[in-house]
file model05.cif (mmCIF, C-alpha atoms)
data_my_file
loop_
_atom_site.label_atom_id
_atom_site.label_comp_id
_atom_site.auth_asym_id
_atom_site.auth_seq_id
_atom_site.Cartn_x
_atom_site.Cartn_y
_atom_site.Cartn_z
CA MET A 1 -137.70 221.54 -107.50
CA HIS A 2 -139.13 223.29 -104.46
CA LEU A 3 -142.68 222.40 -105.56
CA PHE A 4 -141.68 218.78 -106.12
CA GLU A 5 -140.21 218.59 -102.61
CA GLU A 6 -143.41 220.01 -101.11
CA LEU A 7 -145.49 217.44 -102.99
CA LEU A 8 -143.28 214.68 -101.63
CA VAL A 9 -143.82 216.07 -98.14
CA VAL A 10 -147.60 216.03 -98.66
CA ALA A 11 -147.48 212.45 -99.97
CA GLY A 12 -145.34 211.37 -97.03
CA ARG A 13 -147.73 212.97 -94.56
CA ILE A 14 -150.73 211.22 -96.10
CA ILE A 15 -148.95 207.87 -95.89
CA THR A 16 -147.96 208.39 -92.26
CA ILE A 17 -151.06 210.15 -90.95
CA LEU A 18 -153.69 207.67 -92.18
CA PRO A 19 -152.35 204.71 -90.13
CA LEU A 20 -152.22 207.00 -87.08
CA MET A 21 -155.82 208.14 -87.70
CA LEU A 22 -156.90 204.49 -88.04
CA PHE A 23 -155.22 203.58 -84.78
CA VAL A 24 -156.80 206.52 -82.93
CA ALA A 25 -160.26 205.76 -84.40
CA LEU A 26 -160.02 202.12 -83.30
CA TYR A 27 -158.85 203.28 -79.88
CA MET A 28 -161.82 205.64 -79.48
CA GLY A 29 -164.18 202.76 -80.27
CA LYS A 30 -167.43 202.26 -82.19
CA ARG A 31 -169.19 205.01 -80.26
CA SER A 32 -167.20 207.72 -82.02
CA ILE A 33 -168.00 206.33 -85.47
CA GLY A 34 -171.59 205.11 -85.27
CA GLU A 35 -174.22 207.27 -83.66
CA LEU A 36 -172.09 210.42 -83.28
CA PRO A 37 -173.33 212.25 -80.19
CA VAL A 38 -172.56 215.97 -80.09
CA PHE A 39 -169.13 215.71 -78.46
CA ASP A 40 -167.99 212.90 -80.76
CA PHE A 41 -169.23 214.88 -83.74
CA LEU A 42 -167.02 217.80 -82.65
CA VAL A 43 -164.10 215.41 -82.19
CA ILE A 44 -164.46 214.14 -85.75
CA ILE A 45 -164.62 217.70 -87.12
CA THR A 46 -161.53 218.70 -85.13
CA LEU A 47 -159.59 215.68 -86.31
CA GLY A 48 -160.53 216.47 -89.89
CA ALA A 49 -159.43 220.09 -89.52
CA VAL A 50 -156.10 219.12 -87.94
CA VAL A 51 -155.30 216.49 -90.55
CA GLY A 52 -156.48 218.69 -93.42
CA ALA A 53 -154.25 221.59 -92.34
CA ASP A 54 -151.28 219.25 -91.92
CA ILE A 55 -151.63 217.72 -95.38
CA ALA A 56 -152.38 220.97 -97.22
CA GLU A 57 -149.64 223.07 -95.57
CA PRO A 58 -146.17 221.48 -95.61
CA ALA A 59 -144.80 224.33 -93.46
CA ILE A 60 -146.71 223.02 -90.41
CA PRO A 61 -144.46 220.74 -88.30
CA HIS A 62 -145.70 217.20 -88.84
CA ILE A 63 -144.96 216.10 -85.29
CA HIS A 64 -147.40 218.72 -83.97
CA THR A 65 -150.22 217.15 -85.94
CA ALA A 66 -149.37 213.66 -84.72
CA VAL A 67 -149.35 214.81 -81.08
CA ALA A 68 -152.65 216.69 -81.59
CA ILE A 69 -154.32 213.58 -83.01
CA VAL A 70 -153.16 211.42 -80.10
CA LEU A 71 -154.29 214.02 -77.52
CA ILE A 72 -157.71 214.37 -79.19
CA GLY A 73 -158.14 210.60 -79.10
CA LEU A 74 -157.20 210.50 -75.41
CA LEU A 75 -159.58 213.36 -74.61
CA GLN A 76 -162.43 211.57 -76.36
CA ARG A 77 -161.83 208.40 -74.32
CA ILE A 78 -161.67 210.38 -71.06
CA VAL A 79 -164.87 212.28 -71.80
CA SER A 80 -166.76 209.16 -72.95
CA GLY A 81 -165.72 207.43 -69.74
CA ALA A 82 -166.87 210.41 -67.67
CA ILE A 83 -170.24 210.38 -69.47
CA ILE A 84 -170.77 206.77 -68.44
CA LYS A 85 -169.62 207.33 -64.85
CA TYR A 86 -171.27 210.72 -64.22
CA GLN A 87 -174.78 210.91 -65.68
CA LYS A 88 -175.24 214.62 -64.93
CA PHE A 89 -172.08 215.43 -66.84
CA GLY A 90 -173.41 213.47 -69.81
CA HIS A 91 -176.61 215.53 -69.79
CA LEU A 92 -174.60 218.76 -69.92
CA ILE A 93 -172.76 217.95 -73.14
CA THR A 94 -175.50 216.34 -75.20
CA PHE A 95 -179.17 216.71 -76.14
CA GLU A 96 -182.05 215.05 -74.34
CA PRO A 97 -184.49 212.81 -76.26
CA THR A 98 -187.52 214.79 -77.40
CA ILE A 99 -191.04 213.49 -78.01
CA VAL A 100 -192.37 214.75 -81.35
CA ILE A 101 -195.33 212.38 -81.84
CA GLN A 102 -197.76 211.05 -79.24
CA ASP A 103 -200.81 208.95 -80.08
CA GLY A 104 -200.49 209.89 -83.75
CA LYS A 105 -200.40 213.62 -83.03
CA LEU A 106 -197.47 215.92 -83.79
CA ILE A 107 -196.13 217.89 -80.80
CA VAL A 108 -195.78 221.30 -82.44
CA LYS A 109 -193.90 222.99 -79.60
CA ASN A 110 -191.22 220.29 -79.56
CA LEU A 111 -190.86 220.38 -83.35
CA GLN A 112 -190.30 224.13 -83.20
CA LYS A 113 -187.81 223.67 -80.39
CA LEU A 114 -185.83 221.18 -82.48
CA ARG A 115 -186.33 223.30 -85.62
CA TYR A 116 -187.73 220.24 -87.41
CA SER A 117 -190.28 220.68 -90.16
CA ILE A 118 -193.21 218.38 -90.90
CA ASP A 119 -191.30 217.14 -93.94
CA ASN A 120 -188.36 216.13 -91.72
CA VAL A 121 -190.63 214.05 -89.51
CA LEU A 122 -192.53 212.44 -92.38
CA GLN A 123 -189.25 211.50 -94.07
CA MET A 124 -187.94 209.88 -90.89
CA LEU A 125 -191.19 207.94 -90.56
CA ARG A 126 -190.94 206.71 -94.14
CA GLU A 127 -187.40 205.55 -93.41
CA LYS A 128 -188.97 203.44 -90.66
CA ASN A 129 -191.51 202.06 -93.19
CA ILE A 130 -194.33 204.07 -91.60
CA PHE A 131 -196.50 205.90 -94.12
CA ASP A 132 -199.37 206.83 -91.81
CA ILE A 133 -198.60 208.94 -88.74
CA ASN A 134 -201.77 207.66 -87.10
CA ASN A 135 -200.02 204.30 -86.62
CA VAL A 136 -197.47 205.87 -84.25
CA ARG A 137 -198.06 205.73 -80.50
CA LEU A 138 -194.80 207.50 -79.61
CA GLY A 139 -192.12 209.15 -81.74
CA ILE A 140 -188.89 210.31 -80.09
CA VAL A 141 -186.02 212.22 -81.66
CA GLU A 142 -182.86 210.85 -80.06
CA PRO A 143 -179.76 212.92 -79.20
CA ASN A 144 -178.10 211.77 -82.43
CA GLY A 145 -180.98 213.17 -84.50
CA ARG A 146 -182.51 209.82 -85.39
CA VAL A 147 -186.12 208.97 -84.58
CA SER A 148 -187.29 206.03 -82.48
CA ILE A 149 -190.83 204.81 -83.06
CA LEU A 150 -193.26 202.90 -80.87
CA LYS A 151 -196.20 201.75 -82.95
CA LYS A 152 -199.72 201.50 -81.63
CA ASP A 153 -200.59 198.07 -80.31
CA SER A 154 -202.85 197.30 -83.25
CA LYS A 155 -200.02 198.21 -85.66
CA ALA A 156 -197.15 196.46 -83.89
CA SER A 157 -195.06 194.18 -86.06
CA ILE A 158 -195.88 190.50 -85.85
CA THR A 159 -194.86 187.57 -87.97
CA VAL A 160 -197.44 186.22 -90.37
CA GLU A 161 -196.38 182.68 -89.49
CA ASP A 162 -197.03 183.25 -85.76
CA MET A 163 -200.58 184.44 -86.32
CA ASN A 164 -201.35 182.21 -89.29
CA LEU A 165 -202.85 185.19 -91.08
CA VAL A 166 -202.63 186.67 -94.52
CA LYS A 167 -200.54 189.82 -94.36
CA LYS A 168 -202.46 193.02 -95.02
CA SER A 169 -201.16 195.80 -97.24
CA VAL A 170 -199.25 198.64 -95.61
CA SER A 171 -201.45 201.63 -94.77
CA ILE A 172 -200.50 204.97 -96.26
CA SER A 173 -201.80 208.49 -95.72
CA TYR A 174 -201.52 211.63 -97.83
CA PRO A 175 -200.99 215.14 -96.39
CA VAL A 176 -203.91 217.45 -97.15
CA ILE A 177 -203.17 220.28 -94.72
CA LEU A 178 -199.72 221.56 -93.79
CA ASP A 179 -199.43 224.43 -91.34
CA GLY A 180 -202.95 225.68 -92.05
CA LYS A 181 -202.65 225.41 -95.84
CA VAL A 182 -204.97 223.08 -97.77
CA TYR A 183 -203.46 221.05 -100.62
CA GLU A 184 -206.24 221.19 -103.19
CA ASP A 185 -204.42 218.96 -105.67
CA VAL A 186 -204.20 216.14 -103.12
CA LEU A 187 -207.92 216.40 -102.42
CA GLN A 188 -208.64 216.18 -106.13
CA LYS A 189 -206.40 213.13 -106.56
CA LEU A 190 -208.29 211.45 -103.73
CA GLU A 191 -211.60 212.42 -105.34
CA LEU A 192 -212.50 214.64 -102.38
CA ASN A 193 -213.49 218.31 -102.18
CA ASP A 194 -213.52 221.30 -99.84
CA SER A 195 -217.03 220.53 -98.63
CA TRP A 196 -215.94 217.08 -97.48
CA LEU A 197 -212.92 218.58 -95.73
CA GLU A 198 -214.99 221.26 -94.00
CA GLN A 199 -217.44 218.64 -92.72
CA GLN A 200 -214.57 216.49 -91.46
CA LEU A 201 -213.11 219.45 -89.57
CA ILE A 202 -216.51 220.11 -87.99
CA ASP A 203 -216.76 216.45 -86.97
CA HIS A 204 -213.37 216.83 -85.25
CA ASN A 205 -214.52 220.01 -83.47
CA VAL A 206 -212.14 222.17 -85.50
CA SER A 207 -213.63 225.54 -86.41
CA THR A 208 -211.02 226.82 -88.89
CA VAL A 209 -208.30 225.26 -91.02
CA GLU A 210 -205.76 227.65 -89.43
CA GLU A 211 -205.99 225.61 -86.22
CA VAL A 212 -204.60 222.56 -88.04
CA PHE A 213 -200.83 222.02 -87.99
CA PHE A 214 -200.98 218.81 -90.02
CA ALA A 215 -203.75 216.66 -91.45
CA SER A 216 -203.67 213.58 -93.64
CA VAL A 217 -206.16 211.28 -95.35
CA ASN A 218 -205.65 207.53 -95.59
CA GLU A 219 -206.90 205.17 -98.27
CA LYS A 220 -210.14 204.66 -96.34
CA LYS A 221 -210.85 208.40 -96.68
CA GLU A 222 -210.31 208.91 -92.94
CA LEU A 223 -208.98 212.29 -91.87
CA HIS A 224 -206.29 212.42 -89.20
CA ILE A 225 -205.53 215.80 -87.58
CA SER A 226 -202.74 217.29 -85.48
CA LEU A 227 -203.72 220.63 -83.97
CA ARG A 228 -201.21 223.36 -83.19
CA GLY A 229 -201.84 223.28 -79.45
CA PHE A 230 -202.01 219.52 -78.94
CA ILE A 231 -200.71 218.47 -75.48
CA GLU A 232 -198.55 221.59 -75.17
CA ASP A 233 -200.49 222.75 -72.12
CA LYS A 234 -201.29 219.31 -70.74
CA GLU A 235 -199.49 217.22 -68.15
CA GLY A 236 -199.88 214.03 -70.16
CA LEU A 237 -196.60 214.45 -72.03
CA LEU A 238 -193.98 212.65 -69.98
CA PRO A 239 -190.31 213.73 -70.24
CA ILE A 240 -187.84 211.27 -71.75
CA TYR A 241 -184.28 211.16 -70.39
CA HIS A 242 -181.16 209.12 -71.08
#
call {"tool": "encode", "arguments": {"input": "model05.cif", "output": "structure tokens"}}
result
Amino acid sequence: MHLFEELLVVAGRIITILPLMLFVALYMGKRSIGELPVFDFLVIITLGAVVGADIAEPAIPHIHTAVAIVLIGLLQRIVSGAIIKYQKFGHLITFEPTIVIQDGKLIVKNLQKLRYSIDNVLQMLREKNIFDINNVRLGIVEPNGRVSILKKDSKASITVEDMNLVKKSVSISYPVILDGKVYEDVLQKLELNDSWLEQQLIDHNVSTVEEVFFASVNEKKELHISLRGFIEDKEGLLPIYH
């Protein structure tokens, strides 16, 4: 009987807590649900922990959970308002946008700072329907972890109807060097060899393959290279802020 009573308590808490959670989520607004900045992400985790403990442990006073949920929702609204009103405060509790691609080149130092791998970046580009990094003029990882892309002028999206042109096929490139390692199988699939690659590196003033952070070959057999030290010591990389 004691177990049955506890199960009834759990069921009652689920029925009462979900409408309260819905109300608080609607009160906090779309910002807390959509892009999830760092603070909002922590709010969601905290709400989940509070509600989970309340449902799983009938011994916890239910009113405490309800008050905690309301206070967390109020805190989120206060902080989000302060972020809008005080820009410096907003910078303190979130990440700044980070440039990871400029003029088709990967910014190695910034990738290491974000702890992003080449695969992470290539996946995010594919999600933006970009299969050749050389088409990217600027790639920025936003505070929510998503990537924003500015294509090169020649690759910017236009409507076929506006230009009265036949649409060309999407360009795609294949990685042949990742972090100084040559992918021999990719070269073979592209009907290329080490001699061709060595000559291409020489043409790009690259003495050894170890200098290459990332290199890809497109369907026109053009090699595109991102060196390890690209722009890291130059003043041409402008900071991006909120």
call {"tool": "closest_atom_pairs", "arguments": {"input": "model05.cif", "of": "region 46-77 of chain A", "to": "region 1-12 of chain A", "cutoff": "8 Å", "atoms": "all atoms listed in the file", "output": "CSV"}}
result
residue,atom,partner,partner_atom,distance
A:Ile55,CA,A:Val10,CA,5.5
A:Ala56,CA,A:Val10,CA,7.0
A:Glu57,CA,A:Val10,CA,8.0
A:Pro58,CA,A:Glu6,CA,6.3
call {"tool": "closest_residue", "arguments": {"input": "model05.cif", "among": "A:Ile17, A:Val38, A:Ile72, A:Ile202", "to": "Gly52 (chain A)", "atoms": "only C-alpha atoms"}}
result
A:Ile17
call {"tool": "atom_distance", "arguments": {"input": "model05.cif", "atom1": "CA of Phe41 (chain A)", "atom2": "CA of Ile118 (chain A)"}}
result
25.3 Å
call {"tool": "closest_residue", "arguments": {"input": "model05.cif", "among": "A:Val217, A:Leu197, A:Leu192, A:Ile99", "to": "Leu111 (chain A)", "atoms": "only C-alpha atoms"}}
result
A:Ile99
call {"tool": "axis_aligned_box", "arguments": {"input": "model05.cif", "around": "region 187-206 of chain A", "padding_each_side": "6 Å", "output": "AutoDock Vina command-line options"}}
result
--center_x -211.9 --center_y 216.8 --center_z -95.0 --size_x 23.0 --size_y 22.7 --size_z 35.1
call {"tool": "closest_residue", "arguments": {"input": "model05.cif", "among": "A:Val121, A:Val51, A:Val70, A:Val206", "to": "Val141 (chain A)", "atoms": "only C-alpha atoms"}}
result
A:Val121
call {"tool": "closest_residue", "arguments": {"input": "model05.cif", "among": "A:Leu122, A:Leu22, A:Val182, A:Ile133", "to": "Glu198 (chain A)", "atoms": "all atoms listed in the file"}}
result
A:Val182
call {"tool": "closest_residue", "arguments": {"input": "model05.cif", "among": "A:Phe95, A:Ser117, A:Asp40, A:Gly48", "to": "Ile78 (chain A)", "atoms": "only C-alpha atoms"}}
result
A:Asp40
call {"tool": "atom_distance", "arguments": {"input": "model05.cif", "atom1": "CA of Ile83 (chain A)", "atom2": "CA of Glu142 (chain A)"}}
result
16.5 Å
call {"tool": "atom_distance", "arguments": {"input": "model05.cif", "atom1": "CA of Glu191 (chain A)", "atom2": "CA of Glu219 (chain A)"}}
result
11.2 Å
